[in-house]
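One file, coords_23.pdb, carrying PDB, C-alpha atoms, pLDDT in the B column:
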ATOM      1  CA  MET D   1      39.918-140.958 154.624  1.00 58.00           C
ATOM      2  CA  ALA D   2      42.435-142.540 152.291  1.00 59.00           C
ATOM      3  CA  ALA D   3      41.866-145.805 150.435  1.00 56.00           C
ATOM      4  CA  PHE D   4      44.598-148.437 150.469  1.00 51.00           C
ATOM      5  CA  TYR D   5      45.303-150.527 147.368  1.00 53.00           C
ATOM      6  CA  GLY D   6      48.204-152.868 148.040  1.00 56.00           C
ATOM      7  CA  ASN D   7      51.206-150.574 148.417  1.00 66.00           C
ATOM      8  CA  PHE D   8      49.307-147.537 147.111  1.00 73.00           C
ATOM      9  CA  VAL D   9      47.275-145.069 149.122  1.00 81.00           C
ATOM     10  CA  THR D  10      44.715-142.947 147.313  1.00 87.00           C
ATOM     11  CA  PRO D  11      43.317-139.827 148.975  1.00 92.00           C
ATOM     12  CA  ALA D  12      39.540-139.714 149.212  1.00 92.00           C
ATOM     13  CA  ALA D  13      39.489-135.923 148.868  1.00 96.00           C
ATOM     14  CA  LEU D  14      41.896-133.289 147.583  1.00 97.00           C
ATOM     15  CA  CYS D  15      39.884-130.415 149.057  1.00 98.00           C
ATOM     16  CA  THR D  16      37.111-129.734 151.554  1.00 97.00           C
ATOM     17  CA  ALA D  17      33.690-128.112 151.424  1.00 98.00           C
ATOM     18  CA  ALA D  18      35.244-125.176 153.295  1.00 98.00           C
ATOM     19  CA  ASP D  19      37.784-124.783 150.467  1.00 98.00           C
ATOM     20  CA  VAL D  20      34.947-124.648 147.926  1.00 98.00           C
ATOM     21  CA  ALA D  21      33.077-122.078 150.008  1.00 98.00           C
ATOM     22  CA  ALA D  22      36.223-119.964 150.392  1.00 98.00           C
ATOM     23  CA  TYR D  23      36.833-120.060 146.634  1.00 97.00           C
ATOM     24  CA  THR D  24      33.298-118.954 145.737  1.00 97.00           C
ATOM     25  CA  GLY D  25      32.623-116.705 148.710  1.00 97.00           C
ATOM     26  CA  THR D  26      29.307-118.469 149.234  1.00 97.00           C
ATOM     27  CA  ALA D  27      28.159-121.594 151.038  1.00 97.00           C
ATOM     28  CA  ALA D  28      29.343-124.899 149.603  1.00 97.00           C
ATOM     29  CA  PRO D  29      26.687-126.783 147.627  1.00 95.00           C
ATOM     30  CA  THR D  30      24.571-129.244 149.600  1.00 94.00           C
ATOM     31  CA  ASN D  31      26.102-132.144 147.648  1.00 95.00           C
ATOM     32  CA  ALA D  32      29.676-130.883 148.157  1.00 96.00           C
ATOM     33  CA  THR D  33      30.916-134.160 149.627  1.00 96.00           C
ATOM     34  CA  ALA D  34      29.797-136.167 146.594  1.00 95.00           C
ATOM     35  CA  LEU D  35      31.126-133.525 144.194  1.00 97.00           C
ATOM     36  CA  ILE D  36      34.499-133.434 145.964  1.00 97.00           C
ATOM     37  CA  ARG D  37      34.789-137.225 145.953  1.00 96.00           C
ATOM     38  CA  SER D  38      34.015-137.387 142.223  1.00 95.00           C
ATOM     39  CA  ALA D  39      36.246-134.422 141.350  1.00 97.00           C
ATOM     40  CA  THR D  40      39.110-135.968 143.334  1.00 96.00           C
ATOM     41  CA  ARG D  41      38.793-139.206 141.355  1.00 94.00           C
ATOM     42  CA  LEU D  42      38.703-137.220 138.105  1.00 95.00           C
ATOM     43  CA  VAL D  43      41.791-135.142 138.956  1.00 97.00           C
ATOM     44  CA  LEU D  44      43.744-138.199 140.109  1.00 95.00           C
ATOM     45  CA  ARG D  45      42.734-140.160 137.001  1.00 94.00           C
ATOM     46  CA  GLU D  46      43.766-137.337 134.671  1.00 94.00           C
ATOM     47  CA  THR D  47      47.132-136.969 136.428  1.00 93.00           C
ATOM     48  CA  ARG D  48      47.797-140.698 136.827  1.00 89.00           C
ATOM     49  CA  GLN D  49      50.943-140.546 134.703  1.00 91.00           C
ATOM     50  CA  ALA D  50      52.446-137.689 136.705  1.00 91.00           C
ATOM     51  CA  TYR D  51      55.232-138.716 139.061  1.00 90.00           C
ATOM     52  CA  TYR D  52      55.520-136.996 142.423  1.00 91.00           C
ATOM     53  CA  THR D  53      56.293-138.003 145.974  1.00 91.00           C
ATOM     54  CA  THR D  54      53.341-138.732 148.215  1.00 91.00           C
ATOM     55  CA  ASP D  55      52.864-139.135 151.925  1.00 91.00           C
ATOM     56  CA  PRO D  56      52.642-142.917 152.462  1.00 88.00           C
ATOM     57  CA  SER D  57      49.832-142.607 155.019  1.00 88.00           C
ATOM     58  CA  THR D  58      47.563-140.150 153.158  1.00 90.00           C
ATOM     59  CA  GLY D  59      48.478-140.443 149.483  1.00 89.00           C
ATOM     60  CA  LEU D  60      48.700-136.637 149.239  1.00 93.00           C
ATOM     61  CA  ALA D  61      51.542-134.958 147.362  1.00 94.00           C
ATOM     62  CA  THR D  62      54.397-133.896 149.639  1.00 95.00           C
ATOM     63  CA  ASP D  63      55.496-131.050 147.349  1.00 96.00           C
ATOM     64  CA  ALA D  64      53.439-127.966 148.228  1.00 97.00           C
ATOM     65  CA  GLN D  65      53.253-126.720 144.628  1.00 97.00           C
ATOM     66  CA  ILE D  66      52.007-130.054 143.281  1.00 96.00           C
ATOM     67  CA  GLY D  67      49.597-130.491 146.179  1.00 96.00           C
ATOM     68  CA  GLY D  68      48.315-126.975 145.617  1.00 97.00           C
ATOM     69  CA  ALA D  69      47.750-127.613 141.922  1.00 97.00           C
ATOM     70  CA  LEU D  70      45.828-130.831 142.609  1.00 97.00           C
ATOM     71  CA  HIS D  71      43.799-129.044 145.300  1.00 98.00           C
ATOM     72  CA  ASP D  72      42.996-126.077 143.049  1.00 98.00           C
ATOM     73  CA  ALA D  73      42.006-128.318 140.124  1.00 98.00           C
ATOM     74  CA  THR D  74      39.639-130.208 142.390  1.00 98.00           C
ATOM     75  CA  VAL D  75      38.047-127.057 143.821  1.00 98.00           C
ATOM     76  CA  ILE D  76      37.573-125.563 140.347  1.00 98.00           C
ATOM     77  CA  GLN D  77      35.992-128.791 139.059  1.00 97.00           C
ATOM     78  CA  VAL D  78      33.585-128.892 142.012  1.00 97.00           C
ATOM     79  CA  VAL D  79      32.583-125.264 141.424  1.00 97.00           C
ATOM     80  CA  ALA D  80      32.034-125.882 137.702  1.00 96.00           C
ATOM     81  CA  TRP D  81      29.864-128.918 138.383  1.00 95.00           C
ATOM     82  CA  ALA D  82      27.894-127.063 141.064  1.00 95.00           C
ATOM     83  CA  GLN D  83      27.207-124.201 138.653  1.00 94.00           C
ATOM     84  CA  ILE D  84      25.673-126.508 136.035  1.00 91.00           C
ATOM     85  CA  GLY D  85      23.737-128.563 138.581  1.00 90.00           C
ATOM     86  CA  TYR D  86      25.708-131.787 138.170  1.00 90.00           C
ATOM     87  CA  ASP D  87      25.002-134.423 140.813  1.00 88.00           C
ATOM     88  CA  PRO D  88      27.293-137.462 140.724  1.00 88.00           C
ATOM     89  CA  LEU D  89      24.795-139.446 142.762  1.00 86.00           C
ATOM     90  CA  THR D  90      22.147-139.177 140.026  1.00 85.00           C
ATOM     91  CA  GLY D  91      24.579-139.390 137.126  1.00 72.00           C
ATOM     92  CA  GLY D  92      23.629-136.191 135.395  1.00 66.00           C
ATOM     93  CA  VAL D  93      22.770-132.555 135.278  1.00 62.00           C
ATOM     94  CA  THR D  94      19.581-131.314 136.914  1.00 59.00           C
ATOM     95  CA  THR D  95      17.715-129.013 134.559  1.00 57.00           C
TER      96      THR D  95
END

Starting from the file, give its structure as structure tokens.
Amino acid sequence: MAAFYGNFVTPAALCTAADVAAYTGTAAPTNATALIRSATRLVLRETRQAYYTTDPSTGLATDAQIGGALHDATVIQVVAWAQIGYDPLTGGVTT
């Protein structure tokens, strides 16, 4: 679900748990939804000065190459966090 901020629409997720599972070849982590939400915010924050056309109803990039890059960055961030045991709901890494 997208979030609306005035005239801006921000996507809630740039990938899905199925995308994460497909990338790793294993089941998505149990906290995949929280990881994806946090990784999406991170990717969007780090690319906030990039200019590209977005779909006005979803906030997703309309250019396939840009959308793919944002998607891939989000999946890779989720996988990295899952591998170190990061849980955004607890604010840290589980050791």

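In terms of minimum interatomic distance to Ala69 (chain D), D:Thr47 ranks closest within D:Ser57, D:Asn31, D:Thr90, D:Thr47, counting all atoms listed in the file.
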
Of the residues D:Val79, D:Val9, D:Gly68, D:Tyr52, which is the one nearest to Ala27 (chain D), using only C-alpha atoms?
D:Val79

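Using the PyMOL selection byres ((chain D and resi 59) around 8) on this structure selects Ala2, Phe8, Val9, Thr10, Pro11, Thr54, Asp55, Pro56, Ser57, Thr58, Leu60 and Ala61 of chain D.
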
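A straight line drawn from CA of Val20 (chain D) to CA of Pro88 (chain D) is 16.6 Å long.
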
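Computed from the coordinates, the CA of Thr74 (chain D) to CA of Ala39 (chain D) distance equals 5.5 Å.
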
Hey, what's within 12 Å of Ala50 (chain D) if we count all atoms listed in the file and toss same-chain stuff fewer than 6 positions away? As a PyMOL selection string, please?
chain D and resi 43-44+61+66+70

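Note that CA of Thr33 (chain D) and CA of Thr16 (chain D) are 7.9 Å apart.
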
Show me that you can extract region 1-93 of chain D, keeping C-alpha atoms, and write it as a tab-separated table (two decimals), in the first residue's frame.
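The resulting file, part_34.tsv, is shown below:
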chain	number	residue	atom	x	y	z
D	1	MET	CA	0.00	0.00	0.00
D	2	ALA	CA	1.31	3.43	-0.91
D	3	ALA	CA	1.41	6.37	1.49
D	4	PHE	CA	0.13	9.75	0.31
D	5	TYR	CA	1.89	12.95	1.38
D	6	GLY	CA	0.18	15.93	-0.22
D	7	ASN	CA	0.92	15.56	-3.93
D	8	PHE	CA	3.51	12.82	-3.35
D	9	VAL	CA	2.90	9.10	-3.19
D	10	THR	CA	5.50	6.92	-1.51
D	11	PRO	CA	5.51	3.16	-2.10
D	12	ALA	CA	5.36	1.06	1.05
D	13	ALA	CA	7.45	-1.70	-0.54
D	14	LEU	CA	9.81	-1.96	-3.49
D	15	CYS	CA	9.87	-5.76	-3.40
D	16	THR	CA	8.00	-8.70	-1.90
D	17	ALA	CA	8.89	-11.62	0.34
D	18	ALA	CA	8.61	-13.82	-2.76
D	19	ASP	CA	11.28	-11.68	-4.45
D	20	VAL	CA	13.60	-12.19	-1.47
D	21	ALA	CA	12.97	-15.94	-1.51
D	22	ALA	CA	13.62	-16.10	-5.26
D	23	TYR	CA	16.89	-14.19	-4.85
D	24	THR	CA	18.21	-16.46	-2.09
D	25	GLY	CA	16.65	-19.72	-3.23
D	26	THR	CA	15.37	-20.28	0.30
D	27	ALA	CA	12.31	-19.22	2.27
D	28	ALA	CA	12.02	-15.53	3.07
D	29	PRO	CA	12.88	-14.64	6.67
D	30	THR	CA	9.99	-14.65	9.14
D	31	ASN	CA	10.35	-10.88	9.58
D	32	ALA	CA	10.48	-10.23	5.82
D	33	THR	CA	7.64	-7.70	5.88
D	34	ALA	CA	9.37	-5.52	8.46
D	35	LEU	CA	12.73	-5.87	6.69
D	36	ILE	CA	11.20	-4.95	3.33
D	37	ARG	CA	9.43	-1.92	4.79
D	38	SER	CA	12.64	-0.67	6.41
D	39	ALA	CA	14.80	-1.43	3.36
D	40	THR	CA	12.31	0.39	1.12
D	41	ARG	CA	12.54	3.49	3.32
D	42	LEU	CA	16.34	3.26	3.27
D	43	VAL	CA	16.56	2.90	-0.53
D	44	LEU	CA	14.09	5.75	-1.11
D	45	ARG	CA	15.92	7.99	1.38
D	46	GLU	CA	19.30	7.32	-0.23
D	47	THR	CA	17.91	8.03	-3.71
D	48	ARG	CA	15.80	11.04	-2.70
D	49	GLN	CA	17.74	13.39	-4.97
D	50	ALA	CA	17.31	11.17	-8.03
D	51	TYR	CA	14.74	12.40	-10.52
D	52	TYR	CA	12.58	9.88	-12.34
D	53	THR	CA	8.97	9.59	-13.39
D	54	THR	CA	6.66	7.73	-11.05
D	55	ASP	CA	3.19	6.29	-11.33
D	56	PRO	CA	0.94	8.83	-9.57
D	57	SER	CA	-1.16	6.13	-7.89
D	58	THR	CA	1.65	3.87	-6.60
D	59	GLY	CA	4.75	6.05	-6.39
D	60	LEU	CA	6.75	3.37	-8.23
D	61	ALA	CA	9.19	4.30	-10.99
D	62	THR	CA	7.67	4.02	-14.47
D	63	ASP	CA	11.03	3.35	-16.16
D	64	ALA	CA	11.71	-0.40	-15.98
D	65	GLN	CA	15.47	0.03	-15.53
D	66	ILE	CA	15.10	2.47	-12.64
D	67	GLY	CA	12.34	0.40	-11.05
D	68	GLY	CA	14.49	-2.69	-11.39
D	69	ALA	CA	17.46	-0.99	-9.75
D	70	LEU	CA	15.34	0.20	-6.81
D	71	HIS	CA	13.82	-3.28	-6.50
D	72	ASP	CA	17.20	-5.03	-6.61
D	73	ALA	CA	18.73	-2.64	-4.06
D	74	THR	CA	15.85	-3.33	-1.70
D	75	VAL	CA	16.08	-7.12	-2.09
D	76	ILE	CA	19.85	-7.08	-1.53
D	77	GLN	CA	19.47	-4.91	1.59
D	78	VAL	CA	16.82	-7.25	3.01
D	79	VAL	CA	19.05	-10.28	2.38
D	80	ALA	CA	22.05	-8.57	4.01
D	81	TRP	CA	20.03	-7.65	7.08
D	82	ALA	CA	18.54	-11.15	7.31
D	83	GLN	CA	22.02	-12.69	7.19
D	84	ILE	CA	23.25	-10.65	10.16
D	85	GLY	CA	20.04	-11.11	12.15
D	86	TYR	CA	18.88	-7.49	12.00
D	87	ASP	CA	15.31	-6.93	13.17
D	88	PRO	CA	13.95	-3.42	12.59
D	89	LEU	CA	11.23	-4.01	15.15
D	90	THR	CA	13.78	-4.45	17.96
D	91	GLY	CA	16.23	-1.87	16.64
D	92	GLY	CA	19.27	-4.08	16.43
D	93	VAL	CA	21.08	-7.23	15.56
